[in-house]
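K.L.:
Structure in structure tokens, see below.
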Amino acid sequence: MNNNLKNEIQSAAFERLVEHLRNRKDVQNLDLMNLAGFCRNCLSKWYREEAEKKGITISDPEAREHVYGMSYAEWKEKYQK
């Protein structure tokens, strides 16, 4: 498998994970941390860090919005228990 194809597959898998987490609003970040050792905030931090490695500046709120599908404040208000 060449690197471009590998990157496309990894990107698609990442987007599926993000979409899955957006659809599972019933699963709290604390639940994810306890079971998997990472949460939506971790994922958004990794997204921001990887962008920075490519010379792209993304703020924490922008990265969280990508993962949550809305602002973090809005998600917390609507779904955090």
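In the structure tokens, each chain is lettered A, B, ... as it comes, each chain's residues begin at 1, and ligands are numbered from 1 in order of appearance.
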I need the helix (DSSP H, G or I) residues of chain A per DSSP on the backbone, written as a ChimeraX atom specification.

P.N.:
/A:3-23,29-36,40-53,60-68,72-79

K.L.:
To one decimal place in Å, what is the distance between atom CA of Glu52 of chain A and atom CA of Glu77 of chain A?

P.N.:
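Separation of atom CA of Glu52 of chain A and atom CA of Glu77 of chain A: 29.0 Å.
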
K.L.:
From the set A:Arg22, A:Arg16, A:Arg64, A:Lys81, which residue has the shortest atom-to-atom contact distance to Tyr47 of chain A, counting only C-alpha atoms?

P.N.:
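Going through A:Arg22, A:Arg16, A:Arg64, A:Lys81 one by one, the smallest distance to Tyr47 of chain A is for A:Arg64.
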
K.L.:
Which residue out of A:Ala12, A:Val18, A:Ala73, A:Ala63 has the minimum interatomic distance to Ser44 of chain A when only C-alpha atoms are used?

P.N.:
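With only C-alpha atoms as the atom set, the closest residue is A:Ala63.
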
K.L.:
Atom CA of Glu19 of chain A and atom CA of His66 of chain A are how many Å apart?

P.N.:
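It comes out at 9.9 Å.
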
K.L.:
Extract, using only C-alpha atoms, all DNA, RNA and protein residues at most 12 Å from His20 of chain A, discarding same-chain residues fewer than 4 positions from it, and format them as a PyMOL selection string.

P.N.:
chain A and resi 13-16+24-27+40+67-69

K.L.:
Go ahead and save the residues from that selection, with N, CA and C atoms, as a compact mmCIF listing (two decimals), in the first residue's frame.

P.N.:
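Below is the file that was written, again-v9.txt:
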```txt
# COMPACT_ATOMS: atom_id res chain seq x y z
N ALA A 13 -10.97 6.71 8.37
CA ALA A 13 -11.23 6.03 9.65
C ALA A 13 -11.36 7.06 10.77
N PHE A 14 -10.50 8.08 10.76
CA PHE A 14 -10.59 9.15 11.76
C PHE A 14 -11.93 9.86 11.67
N GLU A 15 -12.36 10.20 10.47
CA GLU A 15 -13.64 10.89 10.30
C GLU A 15 -14.81 10.01 10.73
N ARG A 16 -14.71 8.70 10.53
CA ARG A 16 -15.76 7.79 11.02
C ARG A 16 -15.79 7.77 12.53
N ARG A 24 -22.90 9.57 19.44
CA ARG A 24 -23.04 8.94 20.75
C ARG A 24 -22.91 9.98 21.85
N LYS A 25 -23.79 10.93 21.82
CA LYS A 25 -23.79 12.00 22.82
C LYS A 25 -24.11 11.47 24.22
N ASP A 26 -24.69 10.27 24.28
CA ASP A 26 -24.99 9.66 25.56
C ASP A 26 -23.73 9.19 26.28
N VAL A 27 -22.64 9.01 25.56
CA VAL A 27 -21.39 8.56 26.15
C VAL A 27 -20.60 9.80 26.58
N ARG A 40 -13.06 12.85 23.84
CA ARG A 40 -13.20 13.79 22.72
C ARG A 40 -12.19 14.92 22.81
N VAL A 67 -14.29 18.04 16.35
CA VAL A 67 -14.60 16.75 16.97
C VAL A 67 -16.04 16.70 17.46
N TYR A 68 -16.50 17.75 18.11
CA TYR A 68 -17.84 17.76 18.70
C TYR A 68 -18.94 18.05 17.68
N GLY A 69 -18.60 18.71 16.58
CA GLY A 69 -19.60 19.10 15.60
C GLY A 69 -20.37 20.35 16.01
```
